[in-house]
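A.B. asks: This is run-v3.cif, which holds mmCIF, C-alpha atoms and all ligand atoms:
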```cif
data_run
#
loop_
_atom_site.label_atom_id
_atom_site.label_comp_id
_atom_site.auth_asym_id
_atom_site.auth_seq_id
_atom_site.Cartn_x
_atom_site.Cartn_y
_atom_site.Cartn_z
CA MET Z 317 -18.25 -33.33 -16.41
CA ALA Z 318 -14.75 -34.37 -15.40
CA GLU Z 319 -13.35 -30.90 -14.85
CA SER Z 320 -16.41 -29.75 -12.97
CA SER Z 321 -15.75 -32.18 -10.15
CA ARG Z 322 -12.68 -30.26 -9.02
CA TYR Z 323 -13.01 -28.12 -5.92
CA MET Z 324 -10.67 -25.28 -5.22
CA THR Z 325 -10.25 -21.89 -3.59
CA ALA Z 326 -12.65 -20.89 -0.89
CA LYS Z 327 -12.79 -18.64 2.13
CA ILE Z 328 -11.24 -15.42 0.84
CA GLY Z 329 -8.86 -17.25 -1.38
CA GLU Z 330 -7.98 -20.14 0.95
CA LEU Z 331 -8.33 -23.73 -0.14
CA ARG Z 332 -11.34 -25.40 1.30
CA GLU Z 333 -13.38 -28.49 0.54
CA PRO Z 334 -17.15 -28.19 0.49
CA ILE Z 335 -18.75 -28.61 3.87
CA GLN Z 336 -19.21 -32.37 4.15
CA LYS Z 337 -21.14 -32.72 7.35
CA MET Z 338 -23.75 -30.27 8.50
CA GLN Z 339 -25.37 -29.66 11.83
CA PRO Z 340 -28.98 -30.95 11.77
CA GLU Z 341 -30.46 -27.44 11.82
CA GLU Z 342 -28.22 -26.38 8.92
CA GLN Z 343 -29.77 -29.01 6.68
CA PHE Z 344 -32.83 -26.80 6.51
CA SER Z 345 -30.83 -23.75 5.47
CA CYS Z 346 -30.71 -22.72 1.83
CA GLY Z 347 -27.76 -23.90 -0.19
CA VAL Z 348 -26.82 -21.45 -2.93
CA VAL Z 349 -25.41 -22.07 -6.39
CA VAL Z 350 -24.10 -18.87 -7.96
CA VAL Z 351 -23.73 -19.30 -11.70
CA ALA Z 352 -20.72 -17.33 -12.89
CA ALA Z 353 -19.19 -19.41 -15.68
CA GLY Z 354 -20.53 -17.34 -18.59
CA ARG Z 355 -18.35 -15.28 -20.92
CA GLY Z 356 -20.90 -12.45 -21.15
CA GLU Z 357 -20.28 -11.79 -24.82
CA ARG Z 358 -23.25 -9.47 -25.23
CA ALA Z 359 -21.62 -7.04 -22.79
CA GLY Z 360 -18.56 -6.63 -25.03
CA GLN Z 361 -14.90 -6.96 -24.14
CA SER Z 362 -13.39 -5.41 -21.04
CA ALA Z 363 -9.97 -5.48 -19.40
CA GLU Z 364 -11.77 -6.47 -16.19
CA GLY Z 365 -12.93 -9.73 -17.76
CA PRO Z 366 -16.46 -11.15 -18.12
CA LYS Z 367 -19.31 -8.96 -16.88
CA GLN Z 368 -19.70 -10.71 -13.52
CA TYR Z 369 -16.22 -9.44 -12.59
CA ARG Z 370 -16.63 -5.85 -13.79
CA THR Z 371 -16.74 -3.10 -11.22
CA ILE Z 372 -20.03 -1.46 -10.28
CA GLY Z 373 -19.96 0.97 -7.39
CA ASP Z 374 -16.69 -0.02 -5.79
CA ARG Z 375 -16.56 -3.78 -6.34
CA PRO Z 376 -17.03 -6.55 -8.89
CA VAL Z 377 -20.63 -7.44 -9.74
CA ILE Z 378 -20.28 -10.93 -8.24
CA ALA Z 379 -19.06 -9.52 -4.91
CA HIS Z 380 -22.31 -7.55 -4.63
CA THR Z 381 -24.35 -10.65 -5.48
CA LEU Z 382 -22.52 -12.87 -3.01
CA ASP Z 383 -22.79 -10.21 -0.32
CA VAL Z 384 -26.59 -10.40 -0.42
CA PHE Z 385 -26.42 -14.09 0.43
CA ALA Z 386 -23.53 -13.70 2.89
CA THR Z 387 -25.66 -11.28 4.92
CA TRP Z 388 -28.91 -13.31 4.78
CA ALA Z 389 -29.62 -15.34 7.91
CA ASN Z 390 -30.83 -18.48 6.09
CA THR Z 391 -27.88 -18.95 3.78
CA GLY Z 392 -26.22 -22.37 4.01
CA PRO Z 393 -23.33 -23.67 1.90
CA VAL Z 394 -22.45 -21.57 -1.14
CA VAL Z 395 -21.10 -23.00 -4.39
CA VAL Z 396 -19.79 -20.68 -7.09
CA VAL Z 397 -19.57 -22.12 -10.60
CA ILE Z 398 -16.87 -20.42 -12.65
CA HIS Z 399 -14.98 -20.74 -15.91
CA PRO Z 400 -11.55 -22.37 -15.33
CA ASP Z 401 -9.87 -19.19 -16.61
CA ASP Z 402 -11.48 -17.04 -13.93
CA GLU Z 403 -9.96 -18.40 -10.71
CA GLN Z 404 -7.86 -15.27 -10.12
CA LEU Z 405 -10.78 -12.99 -10.90
CA LEU Z 406 -12.98 -14.77 -8.36
CA ALA Z 407 -10.26 -14.78 -5.70
CA ALA Z 408 -9.88 -11.02 -6.17
CA ALA Z 409 -13.65 -10.51 -6.01
CA LEU Z 410 -13.96 -12.53 -2.79
CA LYS Z 411 -11.48 -10.18 -1.15
CA ARG Z 412 -13.83 -7.27 -1.85
CA MET Z 413 -16.83 -8.68 0.00
CA SER Z 414 -18.16 -6.81 3.01
CA ARG Z 415 -17.79 -9.91 5.16
CA PRO Z 416 -15.84 -13.14 4.73
CA VAL Z 417 -17.83 -16.03 3.34
CA ALA Z 418 -16.89 -19.64 2.74
CA VAL Z 419 -17.54 -20.72 -0.82
CA SER Z 420 -16.81 -23.88 -2.72
CA VAL Z 421 -15.71 -23.29 -6.27
CA VAL Z 422 -16.63 -25.59 -9.13
CA HIS Z 423 -15.69 -25.34 -12.81
CA GLY Z 424 -18.64 -24.97 -15.14
CA GLY Z 425 -19.58 -26.96 -18.20
CA ALA Z 426 -20.15 -26.03 -21.84
CA THR Z 427 -23.58 -24.51 -21.25
CA ARG Z 428 -25.35 -22.74 -18.42
CA GLN Z 429 -27.41 -25.86 -17.84
CA LEU Z 430 -24.33 -28.06 -17.40
CA SER Z 431 -22.71 -25.46 -15.15
CA VAL Z 432 -25.72 -25.49 -12.85
CA LEU Z 433 -25.68 -29.28 -12.77
CA ALA Z 434 -22.03 -29.19 -11.68
CA GLY Z 435 -22.95 -26.75 -8.91
CA LEU Z 436 -25.90 -28.85 -7.77
CA GLU Z 437 -23.75 -32.00 -7.64
CA ALA Z 438 -21.33 -30.17 -5.34
CA LEU Z 439 -24.13 -28.80 -3.21
CA ALA Z 440 -25.67 -32.28 -2.88
CA LYS Z 441 -22.56 -33.44 -1.02
CA THR Z 442 -23.37 -31.03 1.80
CA GLY Z 443 -26.70 -32.63 2.68
CA VAL Z 444 -28.54 -29.32 2.49
CA ARG Z 445 -32.28 -29.51 1.80
CA TYR Z 446 -32.89 -26.49 -0.44
CA ALA Z 447 -31.01 -25.08 -3.40
CA MET Z 448 -31.24 -21.46 -4.59
CA ILE Z 449 -29.78 -21.01 -8.07
CA GLN Z 450 -28.67 -17.44 -8.63
CA ASP Z 451 -27.24 -15.61 -11.63
CA ALA Z 452 -23.99 -13.90 -10.64
CA VAL Z 453 -25.07 -10.93 -12.74
CA ARG Z 454 -28.14 -10.09 -10.65
CA PRO Z 455 -26.47 -8.05 -7.91
CA PHE Z 456 -29.64 -6.24 -6.80
CA VAL Z 457 -31.42 -9.30 -5.42
CA ASP Z 458 -32.58 -8.48 -1.89
CA HIS Z 459 -33.37 -10.20 1.40
CA ALA Z 460 -37.13 -9.62 1.13
CA LEU Z 461 -37.16 -11.57 -2.13
CA LEU Z 462 -35.09 -14.37 -0.57
CA ASP Z 463 -37.52 -14.45 2.36
CA ARG Z 464 -40.47 -14.89 -0.03
CA CYS Z 465 -38.69 -17.75 -1.80
CA ARG Z 466 -37.81 -19.41 1.50
CA ALA Z 467 -41.41 -19.13 2.74
CA ALA Z 468 -42.67 -20.84 -0.42
CA LEU Z 469 -40.14 -23.68 0.01
CA ASP Z 470 -41.15 -24.09 3.65
CA GLY Z 471 -44.75 -24.17 2.46
CA GLY Z 472 -43.96 -27.37 0.59
CA ALA Z 473 -43.16 -26.16 -2.94
CA ASP Z 474 -40.59 -28.21 -4.84
CA ALA Z 475 -39.85 -25.36 -7.24
CA VAL Z 476 -40.19 -21.61 -6.68
CA LEU Z 477 -39.80 -18.94 -9.34
CA PRO Z 478 -39.57 -15.24 -8.54
CA ALA Z 479 -41.11 -13.30 -11.40
CA THR Z 480 -42.62 -9.94 -12.27
CA ALA Z 481 -45.73 -9.40 -14.36
CA VAL Z 482 -44.86 -8.09 -17.80
CA ALA Z 483 -45.76 -4.39 -18.04
CA ASP Z 484 -44.93 -3.55 -21.65
CA THR Z 485 -47.37 -4.35 -24.42
CA LEU Z 486 -45.92 -7.28 -26.32
CA LYS Z 487 -45.76 -7.67 -30.09
CA ARG Z 488 -44.86 -10.64 -32.19
CA ALA Z 489 -43.06 -9.60 -35.35
CA THR Z 490 -41.01 -11.00 -38.19
CA GLY Z 491 -38.88 -9.07 -40.64
CA GLY Z 492 -39.62 -5.78 -38.89
CA ARG Z 493 -43.38 -6.15 -39.37
CA VAL Z 494 -45.80 -6.71 -36.52
CA GLU Z 495 -47.84 -9.85 -36.86
CA GLU Z 496 -49.87 -9.61 -33.71
CA THR Z 497 -50.22 -8.17 -30.25
CA VAL Z 498 -49.62 -10.82 -27.63
CA PRO Z 499 -52.00 -10.49 -24.69
CA ARG Z 500 -49.80 -9.91 -21.65
CA THR Z 501 -52.33 -11.31 -19.21
CA GLY Z 502 -50.67 -14.16 -17.39
CA LEU Z 503 -47.18 -13.39 -18.75
CA TYR Z 504 -44.29 -13.07 -16.33
CA ALA Z 505 -40.59 -12.32 -16.60
CA ALA Z 506 -38.49 -14.92 -14.75
CA GLN Z 507 -35.81 -13.85 -12.27
CA THR Z 508 -33.39 -15.64 -9.98
CA PRO Z 509 -32.78 -17.12 -7.48
CA GLN Z 510 -34.88 -19.99 -8.72
CA CYS Z 511 -35.36 -22.17 -5.68
CA PHE Z 512 -35.91 -25.86 -5.30
CA ARG Z 513 -35.94 -28.84 -3.06
CA LEU Z 514 -32.42 -29.91 -3.94
CA GLU Z 515 -33.22 -33.58 -4.42
CA ALA Z 516 -36.02 -32.76 -6.89
CA ILE Z 517 -34.08 -30.33 -9.09
CA LEU Z 518 -30.93 -32.44 -9.07
CA ALA Z 519 -32.90 -35.45 -10.33
CA ALA Z 520 -34.51 -33.28 -13.03
CA HIS Z 521 -31.15 -31.85 -14.10
CA ARG Z 522 -29.55 -35.29 -14.25
CA ALA Z 523 -32.44 -36.60 -16.30
CA ALA Z 524 -32.28 -33.63 -18.69
CA SER Z 525 -28.56 -34.10 -19.17
CA ALA Z 526 -28.91 -37.86 -19.62
CA SER Z 527 -31.59 -37.31 -22.27
CA GLY Z 528 -29.18 -35.21 -24.30
CA ARG Z 529 -30.78 -31.84 -23.54
CA SER Z 530 -28.26 -29.13 -22.68
CA ASP Z 531 -30.01 -26.00 -23.94
CA PHE Z 532 -32.35 -25.06 -21.10
CA THR Z 533 -31.74 -21.39 -20.25
CA ASP Z 534 -33.17 -21.49 -16.77
CA ASP Z 535 -33.82 -24.05 -14.09
CA ALA Z 536 -37.55 -23.59 -13.76
CA SER Z 537 -37.78 -24.79 -17.40
CA ILE Z 538 -36.06 -28.01 -16.40
CA ALA Z 539 -38.48 -28.44 -13.51
CA GLU Z 540 -41.38 -27.89 -15.93
CA TRP Z 541 -39.86 -30.39 -18.37
CA ALA Z 542 -39.59 -32.90 -15.51
CA GLY Z 543 -43.18 -32.33 -14.47
CA ILE Z 544 -42.38 -30.54 -11.20
CA PRO Z 545 -44.97 -27.86 -10.40
CA VAL Z 546 -43.35 -24.41 -10.29
CA VAL Z 547 -44.80 -21.88 -7.84
CA LEU Z 548 -44.53 -18.17 -8.57
CA VAL Z 549 -43.51 -15.62 -5.95
CA GLU Z 550 -43.38 -11.87 -6.48
CA GLY Z 551 -40.04 -10.85 -7.95
CA SER Z 552 -38.42 -7.46 -7.49
CA PRO Z 553 -38.30 -4.79 -10.20
CA ASP Z 554 -34.77 -3.94 -8.99
CA ASN Z 555 -33.55 -7.51 -9.47
CA VAL Z 556 -32.39 -6.91 -13.02
CA LYS Z 557 -29.95 -9.06 -14.95
CA LEU Z 558 -26.89 -7.19 -16.19
CA THR Z 559 -26.61 -8.31 -19.80
CA LEU Z 560 -25.29 -5.44 -21.91
CA GLN Z 561 -22.54 -2.90 -21.27
CA ARG Z 562 -25.32 -0.34 -20.83
CA ASP Z 563 -26.78 -2.41 -17.96
CA ILE Z 564 -23.40 -2.46 -16.23
CA SER Z 565 -22.97 1.30 -16.66
CA MET Z 566 -26.45 1.96 -15.26
CA ALA Z 567 -25.81 -0.33 -12.29
CA ASP Z 568 -22.52 1.46 -11.63
CA GLU Z 569 -24.21 4.85 -11.77
CA ARG Z 570 -26.98 3.68 -9.44
CA LEU Z 571 -24.51 2.43 -6.82
CA THR Z 572 -22.17 5.39 -7.16
CA ARG Z 573 -25.00 7.90 -6.81
CA HIS Z 574 -25.90 6.51 -3.40
CA ALA Z 575 -22.35 5.93 -2.23
CA ILE Z 576 -21.17 7.86 0.80
CA PRO Z 577 -18.10 9.82 -0.30
CA ASP Z 578 -14.99 8.67 1.50
CA VAL Z 579 -13.99 12.06 2.87
CA ARG Z 580 -11.35 11.94 5.57
CA THR Z 581 -9.84 14.69 7.69
CA GLY Z 582 -6.55 14.57 9.56
CA ASN Z 583 -5.09 17.00 12.04
CA GLY Z 584 -1.53 17.80 12.96
CA TYR Z 585 0.11 19.86 15.68
CA ASP Z 586 3.73 20.94 16.08
CA VAL Z 587 5.85 23.28 18.19
CA HIS Z 588 9.41 24.42 17.76
CA GLN Z 589 11.49 26.46 20.17
CA LEU Z 590 12.71 29.98 19.31
CA VAL Z 591 16.42 30.61 19.91
CA GLU Z 592 18.93 33.31 18.97
CA GLY Z 593 19.08 33.64 15.19
CA ASP Z 594 18.35 35.65 12.08
CA GLY Z 595 14.96 34.46 10.90
CA VAL Z 596 12.30 31.73 10.76
CA THR Z 597 11.00 29.55 7.91
CA LEU Z 598 7.21 29.14 7.86
CA CYS Z 599 5.38 27.40 4.99
CA GLY Z 600 8.64 27.57 3.08
CA VAL Z 601 8.93 31.38 3.41
CA PHE Z 602 12.04 32.76 5.15
CA ILE Z 603 11.07 35.71 7.34
CA PRO Z 604 13.95 37.79 8.77
CA HIS Z 605 13.65 37.98 12.57
CA ASP Z 606 15.89 38.32 15.61
CA ARG Z 607 15.33 34.67 16.39
CA LYS Z 608 15.19 31.34 14.60
CA LEU Z 609 13.31 28.10 15.17
CA SER Z 610 15.43 25.33 16.58
CA GLY Z 611 15.12 21.87 15.07
CA HIS Z 612 16.86 19.14 13.16
CA SER Z 613 15.50 20.19 9.75
CA ASP Z 614 14.66 23.77 8.80
CA ALA Z 615 12.14 23.57 11.69
CA ASP Z 616 9.21 24.71 9.51
CA VAL Z 617 6.60 24.06 12.15
CA ALA Z 618 3.72 24.79 9.76
CA LEU Z 619 4.76 22.20 7.16
CA HIS Z 620 5.45 19.65 9.91
CA ALA Z 621 1.91 20.01 11.27
CA LEU Z 622 0.43 19.71 7.77
CA THR Z 623 2.59 16.66 7.00
CA ASP Z 624 1.13 14.91 10.05
CA ALA Z 625 -2.39 15.96 9.06
CA LEU Z 626 -2.01 14.41 5.60
CA LEU Z 627 -0.50 11.17 6.89
CA ALA Z 628 -3.41 10.91 9.34
CA THR Z 629 -5.95 10.63 6.51
CA CYS Z 630 -4.67 7.21 5.49
CA GLY Z 631 -3.33 5.80 8.73
CA ALA Z 632 0.26 6.31 7.60
CA GLY Z 633 1.76 7.22 10.97
CA ASP Z 634 3.46 10.56 11.61
CA ILE Z 635 6.39 12.59 10.35
CA GLY Z 636 8.76 11.01 12.87
CA ASP Z 637 8.03 7.55 11.47
CA HIS Z 638 9.01 8.62 7.96
CA PHE Z 639 11.83 11.05 8.80
CA PRO Z 640 13.43 10.06 12.13
CA PRO Z 641 15.17 13.06 13.80
CA SER Z 642 18.02 10.63 14.54
CA ASP Z 643 18.75 10.31 10.81
CA PRO Z 644 21.57 12.75 9.88
CA GLN Z 645 20.39 13.05 6.27
CA TRP Z 646 17.47 15.29 7.37
CA LYS Z 647 19.75 17.80 9.15
CA GLY Z 648 18.87 21.24 7.84
CA ALA Z 649 16.53 19.68 5.26
CA ALA Z 650 13.86 21.80 3.60
CA SER Z 651 10.56 20.63 5.07
CA ARG Z 652 8.86 20.66 1.68
CA ILE Z 653 10.51 17.24 1.24
CA PHE Z 654 8.43 15.92 4.13
CA LEU Z 655 5.20 17.49 2.88
CA GLU Z 656 5.64 16.28 -0.68
CA HIS Z 657 6.41 12.79 0.62
CA ALA Z 658 3.16 12.77 2.63
CA ALA Z 659 1.19 14.01 -0.40
CA ARG Z 660 2.66 11.18 -2.47
CA ILE Z 661 1.63 8.59 0.15
CA VAL Z 662 -1.89 10.00 0.19
CA ARG Z 663 -2.12 9.75 -3.61
CA GLU Z 664 -0.76 6.20 -3.59
CA HIS Z 665 -3.67 5.32 -1.28
CA GLY Z 666 -6.13 6.73 -3.81
CA GLY Z 667 -6.53 10.10 -2.07
CA THR Z 668 -7.30 13.46 -3.65
CA ILE Z 669 -6.27 16.37 -1.43
CA THR Z 670 -9.16 18.82 -1.37
CA ASN Z 671 -8.09 21.24 1.37
CA ALA Z 672 -5.07 22.16 3.50
CA ASP Z 673 -5.51 24.59 6.37
CA ILE Z 674 -2.81 25.83 8.74
CA SER Z 675 -3.13 28.03 11.83
CA LEU Z 676 0.15 29.57 13.06
CA ILE Z 677 0.28 30.65 16.69
CA ALA Z 678 3.05 33.17 17.29
CA GLU Z 679 3.60 36.57 18.87
CA ALA Z 680 6.19 37.45 16.21
CA PRO Z 681 7.21 37.77 13.45
CA LYS Z 682 4.15 39.11 11.64
CA VAL Z 683 2.76 36.48 9.27
CA GLY Z 684 0.21 38.66 7.46
CA PRO Z 685 2.56 40.13 4.82
CA HIS Z 686 3.72 36.62 3.87
CA ARG Z 687 0.41 34.77 3.84
CA GLN Z 688 -0.13 34.93 0.10
CA GLN Z 689 3.35 33.56 -0.61
CA MET Z 690 2.81 30.81 2.01
CA ARG Z 691 -0.46 29.77 0.33
CA GLU Z 692 1.19 29.76 -3.08
CA ASN Z 693 3.96 27.56 -1.68
CA LEU Z 694 1.41 25.08 -0.29
CA ALA Z 695 -0.45 25.00 -3.62
CA ALA Z 696 2.80 24.23 -5.43
CA MET Z 697 4.02 21.61 -2.95
CA LEU Z 698 0.66 19.81 -2.84
CA ASP Z 699 -0.12 20.41 -6.51
CA ILE Z 700 -3.62 21.69 -5.74
CA ALA Z 701 -5.48 24.94 -6.43
CA LEU Z 702 -4.69 28.07 -4.42
CA ASP Z 703 -8.23 28.35 -3.04
CA ARG Z 704 -7.76 24.94 -1.40
CA CYS Z 705 -4.83 26.26 0.63
CA SER Z 706 -5.32 28.37 3.72
CA VAL Z 707 -2.86 29.96 6.15
CA LYS Z 708 -4.06 31.84 9.20
CA ALA Z 709 -2.17 33.36 12.10
CA THR Z 710 -2.95 34.44 15.61
CA THR Z 711 -1.01 35.58 18.65
CA ASN Z 712 -1.45 33.78 21.94
CA GLU Z 713 -2.41 37.02 23.76
CA LYS Z 714 1.01 36.96 25.47
CA LEU Z 715 -0.03 33.85 27.38
CA GLY Z 716 2.08 30.77 27.94
CA PHE Z 717 5.25 29.76 26.10
CA VAL Z 718 4.05 31.25 22.83
CA GLY Z 719 3.13 34.46 24.65
CA ARG Z 720 6.63 34.63 26.15
CA ARG Z 721 8.07 34.22 22.62
CA GLU Z 722 9.76 30.96 23.57
CA GLY Z 723 8.32 29.06 20.60
CA ILE Z 724 5.91 28.95 17.67
CA ALA Z 725 3.08 26.45 17.36
CA ALA Z 726 1.10 25.31 14.33
CA ILE Z 727 -2.16 23.41 13.93
CA ALA Z 728 -3.10 21.91 10.55
CA THR Z 729 -6.13 20.19 9.08
CA ALA Z 730 -6.03 18.21 5.84
CA THR Z 731 -9.12 17.06 3.95
CA VAL Z 732 -8.71 14.20 1.50
CA VAL Z 733 -11.29 12.33 -0.59
CA TYR Z 734 -10.41 8.69 -1.19
CA THR Z 735 -11.56 6.62 -4.15
CA PRO Z 736 -12.64 3.16 -3.01
CA GLY Z 737 -10.73 0.21 -4.34
CA THR Z 738 -7.53 2.08 -5.17
CA GLU Z 739 -5.68 1.63 -1.89
CA ALA Z 740 -1.99 0.87 -2.26
MG MG K 1 8.55 19.54 13.96
#
```
Would you write the structure of this file as structure tokens?

C.D. replies:
Amino acid sequence: MAESSRYMTAKIGELREPIQKMQPEEQFSCGVVVVAAGRGERAGQSAEGPKQYRTIGDRPVIAHTLDVFATWANTGPVVVVIHPDDEQLLAAALKRMSRPVAVSVVHGGATRQLSVLAGLEALAKTGVRYAMIQDAVRPFVDHALLDRCRAALDGGADAVLPATAVADTLKRATGGRVEETVPRTGLYAAQTPQCFRLEAILAAHRAASASGRSDFTDDASIAEWAGIPVVLVEGSPDNVKLTLQRDISMADERLTRHAIPDVRTGNGYDVHQLVEGDGVTLCGVFIPHDRKLSGHSDADVALHALTDALLATCGAGDIGDHFPPSDPQWKGAASRIFLEHAARIVREHGGTITNADISLIAEAPKVGPHRQQMRENLAAMLDIALDRCSVKATTNEKLGFVGRREGIAAIATATVVYTPGTEA
């Protein structure tokens, strides 16, 4: 038990001791022990580590589990029991929670039972009255279930077990041959959190450990062994334990299916002045004309607007931030440099560019004959399909500065889909 007495990282990776003194009303909150020390061998090997750290939806399993408690009004101090090798994994997972939560971290023991005992010992230092012991790999626990557990504790139960009635017909078999059908009446599948009056379960755990037992697979069994009556509350069919790789894949699919796609749009607007010259460059196409666009670079107003639109989808500022007009190296530069730079930033943030749309506003020259080439240029610069690139043109009905042929304006809209968790 020596290593389990060490406390470490807490609030989003910061060092923090367990809460030592509680306000009187907090003593009646529910302390939580999240058991996350297992190696999860039945789920196979993964580069992401043990199954409680694998990604489902957009975050590690344990971040989902902790989030349920972090957002429940009755949650008191939280202790997470981990394997000593997993400190970095937990710190990374804590950063992915939807709201910051203070946790105390304890190293687990050789078995689940000893890991829980280490967590309970830490929780006991807080003075909290109730302990909820939760498997890290049950991320679909919900507030209604926690409310039912809490109500049973408040009703005077020393031990509360959420469980669901067994639905499948059960067979006992050996060597692939059925011996008998087991009547399922009165049979329940145990879930977590298993909830207790802390003093009662801690005494039972200590006694079990002292007697040499270390093989209990859940905490209600220890309560039963110690003679503590265990009260059933209705579990939740969604509150499944992720055990096999298949369970993790199904959980990921379930969360991903309901996820709101992270679709972002950005707009950009630019104007350049027309002066004496021999032609203009729009979307990388040089169009002979009796004027040119004035500007530091090649003054491709269309690509400038689209560059801003792309940067806007990931909060990356505007074209002037990345390519200051005061910098001589951009004098006469081809504006595709700016656009390709913006596209690279978007991709580094996990973005997939799904559409680029430009409206040119000019009395002359005529854009129509060059539209196809402009779209092909955009497709090449952005490395996306041609049908995701649009160039439109309109006159300004001879109104205003555009109407007087003093300048050309461009408006652009970029649509980008971002993949959660891949931000640079
Ligand atoms: Mg410009």

A.B. asks: Select, counting only C-alpha atoms, all protein, DNA and RNA residues no farther than 12 Å from (-26.4, -20.4, -9.7) in file coordinates, and express the selection as a PDB file with C-alpha atoms, in the frame of the given file.

C.D. replies:
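Result file follows (result28.pdb):
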```pdb
ATOM      1  CA  GLY Z 347     -27.760 -23.900  -0.190  1.00  0.00           C
ATOM      2  CA  VAL Z 348     -26.820 -21.450  -2.930  1.00  0.00           C
ATOM      3  CA  VAL Z 349     -25.410 -22.070  -6.390  1.00  0.00           C
ATOM      4  CA  VAL Z 350     -24.100 -18.870  -7.960  1.00  0.00           C
ATOM      5  CA  VAL Z 351     -23.730 -19.300 -11.700  1.00  0.00           C
ATOM      6  CA  ALA Z 352     -20.720 -17.330 -12.890  1.00  0.00           C
ATOM      7  CA  ALA Z 353     -19.190 -19.410 -15.680  1.00  0.00           C
ATOM      8  CA  GLY Z 354     -20.530 -17.340 -18.590  1.00  0.00           C
ATOM      9  CA  ILE Z 378     -20.280 -10.930  -8.240  1.00  0.00           C
ATOM     10  CA  THR Z 381     -24.350 -10.650  -5.480  1.00  0.00           C
ATOM     11  CA  LEU Z 382     -22.520 -12.870  -3.010  1.00  0.00           C
ATOM     12  CA  PHE Z 385     -26.420 -14.090   0.430  1.00  0.00           C
ATOM     13  CA  VAL Z 394     -22.450 -21.570  -1.140  1.00  0.00           C
ATOM     14  CA  VAL Z 395     -21.100 -23.000  -4.390  1.00  0.00           C
ATOM     15  CA  VAL Z 396     -19.790 -20.680  -7.090  1.00  0.00           C
ATOM     16  CA  VAL Z 397     -19.570 -22.120 -10.600  1.00  0.00           C
ATOM     17  CA  ILE Z 398     -16.870 -20.420 -12.650  1.00  0.00           C
ATOM     18  CA  VAL Z 421     -15.710 -23.290  -6.270  1.00  0.00           C
ATOM     19  CA  VAL Z 422     -16.630 -25.590  -9.130  1.00  0.00           C
ATOM     20  CA  GLY Z 424     -18.640 -24.970 -15.140  1.00  0.00           C
ATOM     21  CA  ARG Z 428     -25.350 -22.740 -18.420  1.00  0.00           C
ATOM     22  CA  GLN Z 429     -27.410 -25.860 -17.840  1.00  0.00           C
ATOM     23  CA  LEU Z 430     -24.330 -28.060 -17.400  1.00  0.00           C
ATOM     24  CA  SER Z 431     -22.710 -25.460 -15.150  1.00  0.00           C
ATOM     25  CA  VAL Z 432     -25.720 -25.490 -12.850  1.00  0.00           C
ATOM     26  CA  LEU Z 433     -25.680 -29.280 -12.770  1.00  0.00           C
ATOM     27  CA  ALA Z 434     -22.030 -29.190 -11.680  1.00  0.00           C
ATOM     28  CA  GLY Z 435     -22.950 -26.750  -8.910  1.00  0.00           C
ATOM     29  CA  LEU Z 436     -25.900 -28.850  -7.770  1.00  0.00           C
ATOM     30  CA  ALA Z 438     -21.330 -30.170  -5.340  1.00  0.00           C
ATOM     31  CA  LEU Z 439     -24.130 -28.800  -3.210  1.00  0.00           C
ATOM     32  CA  ALA Z 447     -31.010 -25.080  -3.400  1.00  0.00           C
ATOM     33  CA  MET Z 448     -31.240 -21.460  -4.590  1.00  0.00           C
ATOM     34  CA  ILE Z 449     -29.780 -21.010  -8.070  1.00  0.00           C
ATOM     35  CA  GLN Z 450     -28.670 -17.440  -8.630  1.00  0.00           C
ATOM     36  CA  ASP Z 451     -27.240 -15.610 -11.630  1.00  0.00           C
ATOM     37  CA  ALA Z 452     -23.990 -13.900 -10.640  1.00  0.00           C
ATOM     38  CA  VAL Z 453     -25.070 -10.930 -12.740  1.00  0.00           C
ATOM     39  CA  ARG Z 454     -28.140 -10.090 -10.650  1.00  0.00           C
ATOM     40  CA  GLN Z 507     -35.810 -13.850 -12.270  1.00  0.00           C
ATOM     41  CA  THR Z 508     -33.390 -15.640  -9.980  1.00  0.00           C
ATOM     42  CA  PRO Z 509     -32.780 -17.120  -7.480  1.00  0.00           C
ATOM     43  CA  GLN Z 510     -34.880 -19.990  -8.720  1.00  0.00           C
ATOM     44  CA  CYS Z 511     -35.360 -22.170  -5.680  1.00  0.00           C
ATOM     45  CA  PHE Z 512     -35.910 -25.860  -5.300  1.00  0.00           C
ATOM     46  CA  THR Z 533     -31.740 -21.390 -20.250  1.00  0.00           C
ATOM     47  CA  ASP Z 534     -33.170 -21.490 -16.770  1.00  0.00           C
ATOM     48  CA  ASP Z 535     -33.820 -24.050 -14.090  1.00  0.00           C
TER      49      ASP Z 535
END
```

A.B. asks: Smallest atom-to-atom distance to Thr371 in chain Z: which of Z:Leu676, Z:Ala726, Z:Leu405, Z:Val579, using all atoms listed in the file?

C.D. replies: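 Of Z:Leu676, Z:Ala726, Z:Leu405, Z:Val579, the one nearest Thr371 in chain Z is Z:Leu405, counting all atoms listed in the file.
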
A.B. asks: Distance limit 9 Å, reference ligand MG 1 (chain K), atoms considered: only C-alpha atoms and all ligand atoms. Which residues make the cut? Give them as a short mmCIF file (atom, residue, chain, number, x, y, z; two decimals) with C-alpha atoms, keeping the file's coordinate frame.

C.D. replies:
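Writing done, so here's selection-v6.cif:
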```cif
data_model
loop_
_atom_site.label_atom_id
_atom_site.label_comp_id
_atom_site.auth_asym_id
_atom_site.auth_seq_id
_atom_site.Cartn_x
_atom_site.Cartn_y
_atom_site.Cartn_z
CA TYR Z 585 0.11 19.86 15.68
CA ASP Z 586 3.73 20.94 16.08
CA VAL Z 587 5.85 23.28 18.19
CA HIS Z 588 9.41 24.42 17.76
CA GLY Z 611 15.12 21.87 15.07
CA HIS Z 612 16.86 19.14 13.16
CA SER Z 613 15.50 20.19 9.75
CA ALA Z 615 12.14 23.57 11.69
CA ASP Z 616 9.21 24.71 9.51
CA VAL Z 617 6.60 24.06 12.15
CA ALA Z 618 3.72 24.79 9.76
CA LEU Z 619 4.76 22.20 7.16
CA HIS Z 620 5.45 19.65 9.91
CA ALA Z 621 1.91 20.01 11.27
CA ILE Z 635 6.39 12.59 10.35
CA GLY Z 636 8.76 11.01 12.87
#
```
